[in-house]
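> One structure, as structure tokens, below. Some questions next.
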Amino acid sequence: MSISESYPPAFRRVINDGDPLATAEADSVLVQGKDINIPVIDMERLDKEILREACKEWGIFRLENHGVPLALTSRLQEISESLLSLPFENKRDLFAAVNSPLSYFWGTPALNRSGDALKRGAQASNVTMLEGFNVPLSKLPTSTSCDDDAQEPKLESFRMLMEEYGRHITRIAVSLFEAIAQTLHLELSDNRRSEYLSESTGLIRVYRYPRSSDQEAGEALGMEVHTDSSVISILKEDESGGLEIMKGEEWFCVKPVANTLIVNLGDMMQVISDDEYKSVTHRVKKKNRKTERHSVCYFVFPKRDCVIKSSNYKPFTYSEFEAQVQADVQSLGTKIGLPRFNPNSPLFL
């Protein structure tokens, strides 16, 4: 089987034929980002002043000594790549048939709560060159193996590895959030902490960005410019690179560093901090056409009915925020996000 058979048909047309419609957005907006070193936080010797500055000035930092076993991340990457390399039709049918909360998506990073792709409005770009798996962590322990799992033992191994990785990454997210709250001088009860950062909302998405066609001009845009809706997002990426962040009005390349994690703040942390900390604007750009990019990202959110208050935004629940984001994606083709809730924004509703 050729590698192209593992890609969705729309990807094959781009790769084989250089479909100009699918790459029009990349041709028009990509500007080469400069290399930059983001702040580094040592999880074993967490310096809150360095953490505060990283959150305030950057909204993103690299995490060292995080305690996630290298053997676990290596095995997870190996089995993820193996599943993603299955023929497209096999992946689609397998994840549609299994009695599990896992789902397969492709062509867009915009998903609903169930992990299904949202139908995007007419203004959206033709196709986003990524595919992956959506893994809601809280539902994994209740899922049971079935005949489909027996036919594809890799899927059951993947589920078990995700459970283990999820325990590690959730521990990190909770510890970081508590430390960040202290830098903001937020006095949170255990109940309020679990409302702002609800472990039950944690999910992991495994992404694959395919190799690019030599017929495409410039560098390919793997994921469009956006901010995360989460409180915190934690990324584990391979050595291929491609993550870029906006600081000021410029784009900067974040180079991969082995055995580290990248933590970025999302929209909900920006509101919780009353805009003292920022949700970082970022994108993924495919630099090396001959190789794929693989990454694993954890997202965690507030409880859906938690009312979030800030002097810069009208009070809202995460459920209301999520619904507005999905409505904008479906009608406009893109996320608007926090401006919808900011009375001083022209996009306020």
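Each chain of the structure tokens is named A, B, ... in the order shown, its residues numbered from 1; ligands are numbered from 1 in display order.
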As a PyMOL selection string, please: all residues of segment 196-324 of chain A that backbone DSSP puts in strand (DSSP E).

chain A and resi 198-209+220-226+232-237+243-247+250-254+261-265+282-286+293-301+307-310+313-317

> Take the residues that were just selected and, keeping C-alpha atoms, output them as a short mmCIF file (atom, residue, chain, number, x, y, z; two decimals), in the first residue's frame.


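The resulting file, selection_9.cif, is reproduced below:
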```cif
data_model
loop_
_atom_site.label_atom_id
_atom_site.label_comp_id
_atom_site.auth_asym_id
_atom_site.auth_seq_id
_atom_site.Cartn_x
_atom_site.Cartn_y
_atom_site.Cartn_z
CA SER A 198 -12.71 20.47 35.24
CA GLU A 199 -10.71 17.29 34.82
CA SER A 200 -13.77 15.54 33.37
CA THR A 201 -13.62 17.84 30.32
CA GLY A 202 -10.08 16.81 29.38
CA LEU A 203 -9.62 15.48 25.88
CA ILE A 204 -6.71 14.54 23.66
CA ARG A 205 -6.44 14.97 19.93
CA VAL A 206 -3.84 13.12 17.91
CA TYR A 207 -2.95 14.95 14.70
CA ARG A 208 -1.24 13.92 11.48
CA TYR A 209 -0.27 16.53 8.88
CA ALA A 220 1.65 24.58 3.37
CA LEU A 221 -0.65 25.79 6.13
CA GLY A 222 -1.39 22.77 8.31
CA MET A 223 -3.69 24.49 10.81
CA GLU A 224 -5.13 27.95 10.40
CA VAL A 225 -4.50 30.91 12.68
CA HIS A 226 -6.48 30.50 15.91
CA ILE A 232 -4.75 25.15 29.21
CA SER A 233 -3.49 23.14 26.23
CA ILE A 234 -0.47 20.83 26.43
CA LEU A 235 1.28 19.74 23.24
CA LYS A 236 3.66 16.89 22.54
CA GLU A 237 5.09 17.15 19.02
CA LEU A 243 4.28 25.40 15.30
CA GLU A 244 4.28 29.19 15.01
CA ILE A 245 3.06 31.82 17.47
CA MET A 246 2.19 35.48 17.08
CA LYS A 247 3.92 37.90 19.43
CA GLU A 250 5.06 39.13 14.08
CA TRP A 251 5.09 35.38 13.56
CA PHE A 252 7.76 33.27 15.26
CA CYS A 253 8.73 29.62 14.81
CA VAL A 254 8.82 27.43 17.92
CA LEU A 261 6.03 19.63 26.38
CA ILE A 262 4.64 22.91 25.11
CA VAL A 263 1.97 24.55 27.27
CA ASN A 264 -0.20 27.35 25.94
CA LEU A 265 -2.96 29.34 27.60
CA HIS A 282 -0.86 30.29 16.81
CA ARG A 283 -0.86 28.17 13.66
CA VAL A 284 0.90 25.14 12.20
CA LYS A 285 2.92 25.40 9.01
CA LYS A 286 4.35 22.40 7.16
CA ARG A 293 4.10 16.01 11.19
CA HIS A 294 2.64 14.16 14.17
CA SER A 295 1.49 15.72 17.43
CA VAL A 296 -0.64 14.94 20.49
CA CYS A 297 -2.48 17.78 22.22
CA TYR A 298 -4.42 17.81 25.50
CA PHE A 299 -7.16 20.37 26.10
CA VAL A 300 -9.02 21.02 29.36
CA PHE A 301 -11.97 23.35 29.98
CA VAL A 307 -20.30 31.04 35.18
CA ILE A 308 -17.09 32.91 34.33
CA LYS A 309 -16.99 36.56 35.31
CA SER A 310 -14.54 39.25 34.28
CA TYR A 313 -16.53 40.42 29.38
CA LYS A 314 -20.18 39.81 30.02
CA PRO A 315 -20.71 36.80 32.36
CA PHE A 316 -21.02 33.54 30.45
CA THR A 317 -20.83 29.81 30.93
#
```

> Could you pull the residues within 12 Å of segment 328-344 of chain A, counting only C-alpha atoms, minus those fewer than 3 positions along the same chain, as a compact mmCIF listing (two decimals) with N, CA and C atoms, in the first residue's frame?


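Saved to out.txt:
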```txt
# COMPACT_ATOMS: atom_id res chain seq x y z
N THR A 108 -10.61 19.15 8.87
CA THR A 108 -10.90 20.32 9.68
C THR A 108 -10.56 20.04 11.13
N PRO A 109 -10.05 21.03 11.87
CA PRO A 109 -9.84 20.85 13.30
C PRO A 109 -11.08 21.22 14.12
N ALA A 110 -12.13 21.73 13.45
CA ALA A 110 -13.34 22.19 14.14
C ALA A 110 -14.28 21.02 14.38
N LEU A 111 -14.38 20.59 15.64
CA LEU A 111 -15.18 19.43 16.00
C LEU A 111 -16.22 19.81 17.04
N ASN A 112 -17.32 19.04 17.09
CA ASN A 112 -18.28 19.25 18.17
C ASN A 112 -17.87 18.43 19.37
N ALA A 117 -16.81 16.26 12.96
CA ALA A 117 -16.43 17.50 12.29
C ALA A 117 -17.64 18.40 12.10
N LEU A 118 -17.44 19.70 12.36
CA LEU A 118 -18.49 20.68 12.13
C LEU A 118 -18.51 21.05 10.65
N LYS A 119 -19.72 21.21 10.11
CA LYS A 119 -19.84 21.70 8.75
C LYS A 119 -19.54 23.19 8.77
N ARG A 120 -18.54 23.59 8.02
CA ARG A 120 -18.06 24.97 8.09
C ARG A 120 -18.73 25.83 7.03
N GLY A 121 -18.88 27.13 7.35
CA GLY A 121 -19.53 28.08 6.46
C GLY A 121 -18.77 28.29 5.18
N ALA A 122 -19.41 28.98 4.23
CA ALA A 122 -18.87 29.14 2.89
C ALA A 122 -17.55 29.89 2.85
N GLN A 123 -17.28 30.70 3.88
CA GLN A 123 -16.05 31.49 3.87
C GLN A 123 -14.83 30.68 4.30
N ALA A 124 -15.03 29.44 4.75
CA ALA A 124 -13.91 28.61 5.18
C ALA A 124 -13.05 28.21 4.00
N SER A 125 -11.77 27.98 4.24
CA SER A 125 -10.88 27.49 3.19
C SER A 125 -11.33 26.10 2.77
N ASN A 126 -10.92 25.67 1.60
CA ASN A 126 -11.44 24.46 0.99
C ASN A 126 -11.22 23.22 1.85
N VAL A 127 -9.99 22.98 2.26
CA VAL A 127 -9.70 21.80 3.07
C VAL A 127 -8.47 22.09 3.93
N GLU A 224 -4.96 26.51 10.57
CA GLU A 224 -5.13 27.95 10.40
C GLU A 224 -4.86 28.72 11.68
N VAL A 225 -4.73 30.02 11.55
CA VAL A 225 -4.50 30.91 12.68
C VAL A 225 -5.69 30.83 13.64
N HIS A 226 -5.40 30.64 14.94
CA HIS A 226 -6.48 30.50 15.91
C HIS A 226 -5.95 30.66 17.33
N THR A 227 -6.86 30.78 18.27
CA THR A 227 -6.56 30.60 19.68
C THR A 227 -7.34 29.39 20.16
N ASP A 228 -6.86 28.74 21.22
CA ASP A 228 -7.58 27.60 21.78
C ASP A 228 -8.69 28.09 22.71
N SER A 229 -9.79 27.36 22.74
CA SER A 229 -10.91 27.71 23.64
C SER A 229 -10.69 27.22 25.06
N SER A 230 -9.66 26.49 25.29
CA SER A 230 -9.41 25.80 26.55
C SER A 230 -8.98 26.75 27.67
N GLY A 266 -5.29 29.17 26.96
CA GLY A 266 -6.42 29.31 26.07
C GLY A 266 -7.31 30.47 26.46
N ASP A 267 -8.40 30.61 25.72
CA ASP A 267 -9.32 31.73 25.92
C ASP A 267 -9.87 31.80 27.34
N MET A 268 -10.17 30.63 27.93
CA MET A 268 -10.76 30.65 29.26
C MET A 268 -9.78 31.15 30.31
N MET A 269 -8.50 30.86 30.14
CA MET A 269 -7.51 31.39 31.09
C MET A 269 -7.40 32.90 30.94
N GLN A 270 -7.52 33.40 29.72
CA GLN A 270 -7.47 34.85 29.52
C GLN A 270 -8.60 35.53 30.28
N VAL A 271 -9.80 34.96 30.23
CA VAL A 271 -10.94 35.56 30.94
C VAL A 271 -10.77 35.42 32.45
N ASP A 274 -8.70 37.95 33.85
CA ASP A 274 -9.16 39.32 33.56
C ASP A 274 -8.23 40.02 32.57
N ASP A 275 -7.80 39.25 31.58
CA ASP A 275 -6.94 39.73 30.49
C ASP A 275 -5.51 40.03 30.92
N LYS A 278 -2.71 36.15 28.37
CA LYS A 278 -3.31 36.12 27.04
C LYS A 278 -3.37 34.71 26.46
N SER A 279 -4.45 34.49 25.74
CA SER A 279 -4.59 33.27 24.95
C SER A 279 -3.75 33.45 23.68
N THR A 281 -2.12 33.37 20.10
CA THR A 281 -2.52 33.12 18.72
C THR A 281 -1.43 32.27 18.06
N ILE A 308 -18.39 32.26 34.30
CA ILE A 308 -17.09 32.91 34.33
C ILE A 308 -17.31 34.42 34.25
N LYS A 309 -16.79 35.11 35.24
CA LYS A 309 -16.99 36.56 35.31
C LYS A 309 -15.67 37.29 35.17
N SER A 310 -15.73 38.44 34.50
CA SER A 310 -14.54 39.25 34.28
C SER A 310 -14.99 40.68 34.03
N SER A 311 -14.16 41.65 34.38
CA SER A 311 -14.53 43.05 34.17
C SER A 311 -14.56 43.41 32.69
N ASN A 312 -13.94 42.59 31.84
CA ASN A 312 -13.85 42.91 30.41
C ASN A 312 -14.85 42.14 29.54
N TYR A 313 -15.61 41.24 30.15
CA TYR A 313 -16.53 40.42 29.38
C TYR A 313 -17.86 40.30 30.12
N LYS A 314 -18.92 40.10 29.36
CA LYS A 314 -20.18 39.81 30.02
C LYS A 314 -20.09 38.41 30.63
N PRO A 315 -20.76 38.13 31.75
CA PRO A 315 -20.71 36.80 32.36
C PRO A 315 -21.24 35.75 31.37
N PHE A 316 -20.57 34.63 31.33
CA PHE A 316 -21.02 33.54 30.45
C PHE A 316 -20.58 32.21 31.02
N THR A 317 -21.26 31.16 30.59
CA THR A 317 -20.83 29.81 30.93
C THR A 317 -20.00 29.27 29.77
N TYR A 318 -19.19 28.25 30.06
CA TYR A 318 -18.42 27.67 28.95
C TYR A 318 -19.35 27.07 27.91
N GLU A 320 -22.14 28.28 26.88
CA GLU A 320 -22.55 29.38 26.00
C GLU A 320 -21.42 29.77 25.05
N PHE A 321 -20.21 29.79 25.57
CA PHE A 321 -19.05 30.12 24.73
C PHE A 321 -18.88 29.09 23.63
N GLU A 322 -18.94 27.82 23.98
CA GLU A 322 -18.78 26.74 23.01
C GLU A 322 -19.85 26.81 21.93
N ALA A 323 -21.10 27.07 22.35
CA ALA A 323 -22.19 27.15 21.38
C ALA A 323 -21.98 28.30 20.40
N GLN A 324 -21.48 29.44 20.89
CA GLN A 324 -21.24 30.59 20.02
C GLN A 324 -20.10 30.30 19.04
N VAL A 325 -19.04 29.67 19.52
CA VAL A 325 -17.93 29.31 18.64
C VAL A 325 -18.41 28.40 17.52
N LEU A 347 -17.42 43.13 17.46
CA LEU A 347 -17.98 41.80 17.19
C LEU A 347 -18.84 41.29 18.34
N PHE A 348 -19.04 42.13 19.35
CA PHE A 348 -19.84 41.74 20.51
C PHE A 348 -21.28 41.46 20.12
N LEU A 349 -21.86 40.42 20.73
CA LEU A 349 -23.26 40.07 20.48
C LEU A 349 -24.08 40.35 21.73
```

> I need the residues in segment 234-345 of chain A that are helix (DSSP H, G or I) according to DSSP; give them as a list in words.

Asp267, Met268, Met269, Gln270, Val271, Ile272, Tyr318, Ser319, Glu320, Phe321, Glu322, Ala323, Gln324, Val325, Gln326, Ala327, Asp328, Val329, Gln330, Ser331, Leu332, Leu338, Pro339, Arg340 and Phe341 of chain A

> As an exercise, work out the distance from atom CA of Ile169 of chain A to atom CA of Leu188 of chain A in Å and give it to one decimal place.

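Computing the Euclidean distance for atom CA of Ile169 of chain A and atom CA of Leu188 of chain A yields 21.5 Å.
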
> Could you tell me how far atom CA of Trp106 of chain A lies from atom CA of Gly132 of chain A, in Å and to one decimal?

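Distance reported for this atom pair: 6.3 Å.
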
> Expressed in Å to a single decimal, how great is the separation between atom CA of Lys56 of chain A and atom CA of Val68 of chain A?

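So the answer is 26.1 Å.
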
> Neighbours of Leu72 of chain A within 10 Å (only C-alpha atoms; same-chain residues fewer than 3 positions away dropped), as a ChimeraX atom specification?

/A:68-69,75-78,161-162,164-165

> Limited to N, CA, C and O atoms, could you put the picked residues into a file as a tab-separated table (two decimals), in the first residue's frame?


```tsv
chain	number	residue	atom	x	y	z
A	68	VAL	N	6.48	12.72	32.56
A	68	VAL	CA	5.84	11.75	31.67
A	68	VAL	C	6.93	10.83	31.13
A	68	VAL	O	7.89	11.31	30.51
A	69	PRO	N	6.84	9.52	31.36
A	69	PRO	CA	7.92	8.61	30.93
A	69	PRO	C	8.16	8.66	29.43
A	69	PRO	O	7.21	8.66	28.63
A	75	ARG	N	6.03	5.04	22.79
A	75	ARG	CA	5.09	3.98	22.40
A	75	ARG	C	3.79	4.58	21.87
A	75	ARG	O	3.21	4.08	20.90
A	76	LEU	N	3.32	5.66	22.50
A	76	LEU	CA	2.09	6.31	22.05
A	76	LEU	C	2.27	6.87	20.64
A	76	LEU	O	1.37	6.73	19.80
A	77	GLN	N	3.42	7.48	20.37
A	77	GLN	CA	3.67	8.00	19.04
A	77	GLN	C	3.73	6.87	18.02
A	77	GLN	O	3.16	6.97	16.92
A	78	GLU	N	4.37	5.78	18.40
A	78	GLU	CA	4.51	4.64	17.49
A	78	GLU	C	3.16	4.06	17.11
A	78	GLU	O	2.87	3.83	15.92
A	161	LEU	N	-2.99	3.07	26.25
A	161	LEU	CA	-1.90	4.04	26.35
A	161	LEU	C	-2.45	5.44	26.59
A	161	LEU	O	-1.87	6.22	27.35
A	162	MET	N	-3.57	5.75	25.95
A	162	MET	CA	-4.20	7.06	26.14
A	162	MET	C	-4.65	7.25	27.59
A	162	MET	O	-4.54	8.34	28.15
A	164	GLU	N	-3.24	5.95	30.24
A	164	GLU	CA	-2.04	6.18	31.05
A	164	GLU	C	-1.49	7.58	30.79
A	164	GLU	O	-1.16	8.32	31.73
A	165	TYR	N	-1.39	7.96	29.52
A	165	TYR	CA	-0.88	9.29	29.19
A	165	TYR	C	-1.81	10.36	29.75
A	165	TYR	O	-1.35	11.39	30.27
```

> Measuring atom to atom with only C-alpha atoms, identify which of A:Gln182, A:Leu46, A:Glu81, A:Met160 is nearest to Asp238 of chain A.

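So, comparing all the options, the nearest one is A:Glu81.
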
> Please provide the set of residues having any atom within 9 Å of Arg159 of chain A, restricted to only C-alpha atoms, with same-chain residues fewer than 6 positions apart removed, written as a list in words.

Leu102, Val135 and Leu140 of chain A

> Pick from A:Ala173, A:Val280, A:Leu130, A:Leu83: nearest to Phe105 of chain A, with only C-alpha atoms counted?

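Nearest to Phe105 of chain A: A:Leu130.
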